[in-house]
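Working notes, structure below.
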Amino acid sequence: MTSTWTATDTGVLTLPSGRLIRGRALRRPLPDGPTPHFTVCLLGTQPPPLPWESRWLRWPDFRLPGDRAEARQTLREVWARAEAERVEVACAGGRGRTGTALACLAVLDGVPAALAVQFVRRNYDAHAVEAPWQKRYVCRF
């Protein structure tokens, strides 16, 4: 049995395959509605524990992941689990690192890397993927 987001849930990005992944800002209150089954926290320092399954991916603000191989593996897991579970990626503000991760997930879902940032800005947040090196990271993902 699958239990994913709905496309109208706050912060949810619909990928071309139909997978639904939520992006959010950890510094804001948890959105109303169902809670995630799995969260990847994209932060420079270890976050406090969440009451559901979560993983910390070291990713300092306005930077790139500390371990690119770990980031690729973690984002592949997020993409795979999104088929049947409510998964989310989240950073402090919900735009730069979260947008970059969502753009990488769009690449995994078949969006051409050169168009992934535009896809996320159009379908998630117009200000997603804040730094030029984050855009380059997505293009090379």
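Letters for chains follow the order of the structure tokens (A, B, ...), residue numbers begin at 1 for each chain, and ligand numbers begin at 1 in the order shown.
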Who sits within 12 Å of Pro49 (chain A), only C-alpha atoms, same chain under 5 positions skipped, as a count of residues only: 6
Spatial neighbours of region 59-75 of chain A, 12 Å, only C-alpha atoms, chain gap at least 6 places, as a tab-separated table (two decimals) with N, CA, C and O atoms, in the first residue's frame:
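Listing of out-v2.tsv after writing:
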chain	number	residue	atom	x	y	z
A	21	ILE	N	7.53	14.75	-3.86
A	21	ILE	CA	8.55	14.96	-2.83
A	21	ILE	C	8.34	16.35	-2.25
A	21	ILE	O	8.18	17.32	-2.98
A	38	PHE	N	9.94	9.91	5.97
A	38	PHE	CA	11.39	10.01	5.90
A	38	PHE	C	11.78	11.43	5.51
A	38	PHE	O	11.23	11.99	4.56
A	39	THR	N	12.71	12.01	6.26
A	39	THR	CA	13.22	13.36	5.99
A	39	THR	C	14.73	13.31	5.86
A	39	THR	O	15.39	12.66	6.67
A	40	VAL	N	15.25	14.02	4.87
A	40	VAL	CA	16.69	14.24	4.78
A	40	VAL	C	16.93	15.71	5.12
A	40	VAL	O	16.41	16.60	4.45
A	41	CYS	N	17.68	15.94	6.21
A	41	CYS	CA	18.00	17.29	6.67
A	41	CYS	C	19.33	17.71	6.05
A	41	CYS	O	20.35	17.08	6.28
A	42	LEU	N	19.29	18.78	5.29
A	42	LEU	CA	20.45	19.30	4.57
A	42	LEU	C	21.01	20.49	5.35
A	42	LEU	O	20.64	21.63	5.12
A	43	LEU	N	21.87	20.19	6.31
A	43	LEU	CA	22.36	21.22	7.22
A	43	LEU	C	23.86	21.07	7.46
A	43	LEU	O	24.41	19.98	7.32
A	44	GLY	N	24.49	22.17	7.88
A	44	GLY	CA	25.91	22.15	8.18
A	44	GLY	C	26.22	21.49	9.51
A	44	GLY	O	27.32	20.99	9.72
A	45	THR	N	25.26	21.50	10.43
A	45	THR	CA	25.43	20.86	11.73
A	45	THR	C	24.30	19.88	11.97
A	45	THR	O	23.20	20.04	11.41
A	46	GLN	N	24.56	18.89	12.79
A	46	GLN	CA	23.58	17.84	13.02
A	46	GLN	C	22.31	18.41	13.65
A	46	GLN	O	22.37	19.13	14.64
A	47	PRO	N	21.14	18.09	13.07
A	47	PRO	CA	19.88	18.60	13.60
A	47	PRO	C	19.40	17.78	14.80
A	47	PRO	O	19.87	16.65	15.01
A	81	ARG	N	12.22	5.97	-2.58
A	81	ARG	CA	11.20	5.86	-1.53
A	81	ARG	C	9.97	6.71	-1.83
A	81	ARG	O	8.88	6.42	-1.36
A	82	ALA	N	10.14	7.78	-2.62
A	82	ALA	CA	9.02	8.66	-2.95
A	82	ALA	C	7.93	7.95	-3.75
A	82	ALA	O	6.81	8.43	-3.81
A	87	VAL	N	8.16	11.43	1.53
A	87	VAL	CA	9.55	11.81	1.80
A	87	VAL	C	9.71	13.31	1.56
A	87	VAL	O	8.98	13.91	0.79
A	88	GLU	N	10.68	13.86	2.28
A	88	GLU	CA	10.96	15.29	2.11
A	88	GLU	C	12.44	15.54	2.24
A	88	GLU	O	13.17	14.76	2.85
A	89	VAL	N	12.86	16.64	1.64
A	89	VAL	CA	14.20	17.18	1.83
A	89	VAL	C	14.00	18.57	2.43
A	89	VAL	O	13.06	19.28	2.06
A	90	ALA	N	14.88	18.93	3.38
A	90	ALA	CA	14.66	20.18	4.09
A	90	ALA	C	15.98	20.78	4.54
A	90	ALA	O	16.90	20.06	4.93
A	91	CYS	N	16.06	22.11	4.44
A	91	CYS	CA	17.18	22.86	4.98
A	91	CYS	C	16.59	23.98	5.83
A	91	CYS	O	15.38	24.05	6.00
A	92	ALA	N	17.41	24.84	6.34
A	92	ALA	CA	16.92	25.90	7.22
A	92	ALA	C	15.87	26.77	6.54
A	92	ALA	O	14.79	27.00	7.07
A	93	GLY	N	16.18	27.26	5.34
A	93	GLY	CA	15.28	28.18	4.66
A	93	GLY	C	14.36	27.55	3.62
A	93	GLY	O	13.41	28.17	3.17
A	94	GLY	N	14.68	26.32	3.19
A	94	GLY	CA	13.82	25.62	2.24
A	94	GLY	C	13.99	26.04	0.79
A	94	GLY	O	13.16	25.68	-0.05
A	95	ARG	N	15.06	26.77	0.47
A	95	ARG	CA	15.23	27.25	-0.91
A	95	ARG	C	16.53	26.82	-1.57
A	95	ARG	O	16.52	26.19	-2.61
A	96	GLY	N	17.66	27.19	-0.99
A	96	GLY	CA	18.95	26.94	-1.64
A	96	GLY	C	19.32	25.48	-1.69
A	96	GLY	O	19.35	24.86	-2.75
A	97	ARG	N	19.62	24.90	-0.53
A	97	ARG	CA	20.00	23.50	-0.48
A	97	ARG	C	18.83	22.60	-0.84
A	97	ARG	O	18.98	21.62	-1.59
A	98	THR	N	17.66	22.93	-0.33
A	98	THR	CA	16.47	22.13	-0.65
A	98	THR	C	16.18	22.19	-2.14
A	98	THR	O	15.93	21.16	-2.77
A	99	GLY	N	16.22	23.37	-2.73
A	99	GLY	CA	15.98	23.51	-4.16
A	99	GLY	C	17.02	22.76	-4.98
A	99	GLY	O	16.70	22.13	-5.99
A	100	THR	N	18.27	22.80	-4.53
A	100	THR	CA	19.34	22.09	-5.23
A	100	THR	C	19.08	20.58	-5.17
A	100	THR	O	19.19	19.88	-6.18
A	101	ALA	N	18.72	20.08	-3.99
A	101	ALA	CA	18.41	18.65	-3.85
A	101	ALA	C	17.20	18.27	-4.71
A	101	ALA	O	17.21	17.22	-5.39
A	102	LEU	N	16.17	19.11	-4.73
A	102	LEU	CA	14.99	18.81	-5.56
A	102	LEU	C	15.37	18.80	-7.04
A	102	LEU	O	14.87	17.97	-7.81
A	103	ALA	N	16.24	19.72	-7.46
A	103	ALA	CA	16.67	19.73	-8.86
A	103	ALA	C	17.45	18.46	-9.19
A	103	ALA	O	17.28	17.89	-10.28
A	104	CYS	N	18.28	18.00	-8.28
A	104	CYS	CA	18.99	16.73	-8.50
A	104	CYS	C	18.01	15.56	-8.58
A	104	CYS	O	18.18	14.65	-9.41
A	105	LEU	N	16.97	15.59	-7.76
A	105	LEU	CA	15.94	14.55	-7.82
A	105	LEU	C	15.20	14.60	-9.16
A	105	LEU	O	14.85	13.57	-9.72
A	106	ALA	N	14.99	15.81	-9.68
A	106	ALA	CA	14.37	15.94	-10.99
A	106	ALA	C	15.26	15.32	-12.07
A	106	ALA	O	14.76	14.67	-13.00
A	107	VAL	N	16.57	15.49	-11.94
A	107	VAL	CA	17.51	14.85	-12.89
A	107	VAL	C	17.37	13.33	-12.80
A	107	VAL	O	17.29	12.64	-13.83
A	108	LEU	N	17.33	12.80	-11.58
A	108	LEU	CA	17.16	11.36	-11.41
A	108	LEU	C	15.84	10.88	-12.04
A	108	LEU	O	15.75	9.75	-12.50
A	109	ASP	N	14.87	11.77	-12.07
A	109	ASP	CA	13.55	11.42	-12.61
A	109	ASP	C	13.45	11.62	-14.12
A	109	ASP	O	12.41	11.39	-14.70
A	128	ALA	N	14.38	29.07	-5.70
A	128	ALA	CA	15.14	27.87	-5.35
A	128	ALA	C	16.49	27.85	-6.06
A	128	ALA	O	16.64	28.42	-7.14
A	129	VAL	N	17.44	27.17	-5.47
A	129	VAL	CA	18.81	27.03	-5.98
A	129	VAL	C	19.42	28.43	-6.04
A	129	VAL	O	19.42	29.09	-7.06
A	130	GLU	N	19.99	28.85	-4.92
A	130	GLU	CA	20.38	30.24	-4.75
A	130	GLU	C	21.76	30.62	-5.29
A	130	GLU	O	21.95	31.76	-5.71
A	131	ALA	N	22.71	29.73	-5.26
A	131	ALA	CA	24.09	30.09	-5.60
A	131	ALA	C	24.50	29.54	-6.96
A	131	ALA	O	24.04	28.46	-7.36
A	132	PRO	N	25.36	30.24	-7.69
A	132	PRO	CA	25.81	29.76	-9.00
A	132	PRO	C	26.45	28.37	-8.93
A	132	PRO	O	26.26	27.56	-9.83
A	133	TRP	N	27.21	28.10	-7.86
A	133	TRP	CA	27.85	26.78	-7.75
A	133	TRP	C	26.81	25.69	-7.48
A	133	TRP	O	27.03	24.55	-7.85
A	134	GLN	N	25.68	26.04	-6.88
A	134	GLN	CA	24.60	25.06	-6.72
A	134	GLN	C	24.00	24.72	-8.09
A	134	GLN	O	23.70	23.55	-8.37
A	135	LYS	N	23.84	25.72	-8.94
A	135	LYS	CA	23.33	25.48	-10.30
A	135	LYS	C	24.30	24.57	-11.07
A	135	LYS	O	23.87	23.64	-11.76
A	136	ARG	N	25.59	24.85	-10.96
A	136	ARG	CA	26.60	24.00	-11.63
A	136	ARG	C	26.57	22.57	-11.10
A	136	ARG	O	26.73	21.62	-11.86
A	137	TYR	N	26.39	22.42	-9.80
A	137	TYR	CA	26.30	21.10	-9.17
A	137	TYR	C	25.16	20.29	-9.81
A	137	TYR	O	25.32	19.12	-10.14
A	138	VAL	N	24.02	20.94	-9.98
A	138	VAL	CA	22.86	20.25	-10.58
A	138	VAL	C	23.20	19.87	-12.02
A	138	VAL	O	22.92	18.74	-12.45
A	140	ARG	N	25.92	19.09	-13.30
A	140	ARG	CA	26.90	18.01	-13.34
A	140	ARG	C	26.45	16.78	-12.58
A	140	ARG	O	27.19	15.79	-12.51
A	141	PHE	N	25.25	16.82	-11.99
A	141	PHE	CA	24.80	15.72	-11.14
A	141	PHE	C	24.63	14.44	-11.92
A	141	PHE	O	24.07	14.40	-12.97
Identify, with DSSP run on backbone atoms, the residues in region 7-102 of chain A assigned to strand (DSSP E or B), and express the list as an NGL selection string. :A and (12-14 or 20-25 or 38-43 or 53-58 or 87-91)
Looking at A:His37, A:Arg28, A:Arg19, A:His127, which one is nearest to Arg86 (chain A), with distances taken over only C-alpha atoms?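 Smallest distance to Arg86 (chain A) is found for A:His37.
For the atom pair formed by CA of Val78 (chain A) and CA of Gly11 (chain A), the distance is 15.6 Å, given to one decimal.
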To one decimal place, how far is CA of Thr35 (chain A) from CA of Ala80 (chain A) in Å?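 The value is 18.3 Å.
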Determine which residues of chain A receive a DSSP assignment of alpha helix (DSSP H), computed from the backbone, and state them as a count of residues only. 47
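Of note, CA of Thr4 (chain A) and CA of Glu83 (chain A) are spaced 7.5 Å apart.
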Which residue, A:Thr10, A:Glu85, A:Trp5, A:Cys139, has the smallest gap to Val111 (chain A) when you use only C-alpha atoms?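 Residue with the minimum atom-to-atom distance to Val111 (chain A): A:Cys139.
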Quick one: residues within 8 Å of Asn123 (chain A), only C-alpha atoms counted, chain neighbours fewer than 4 positions away excluded, as a VMD selection string? chain A and resid 13 to 14 119
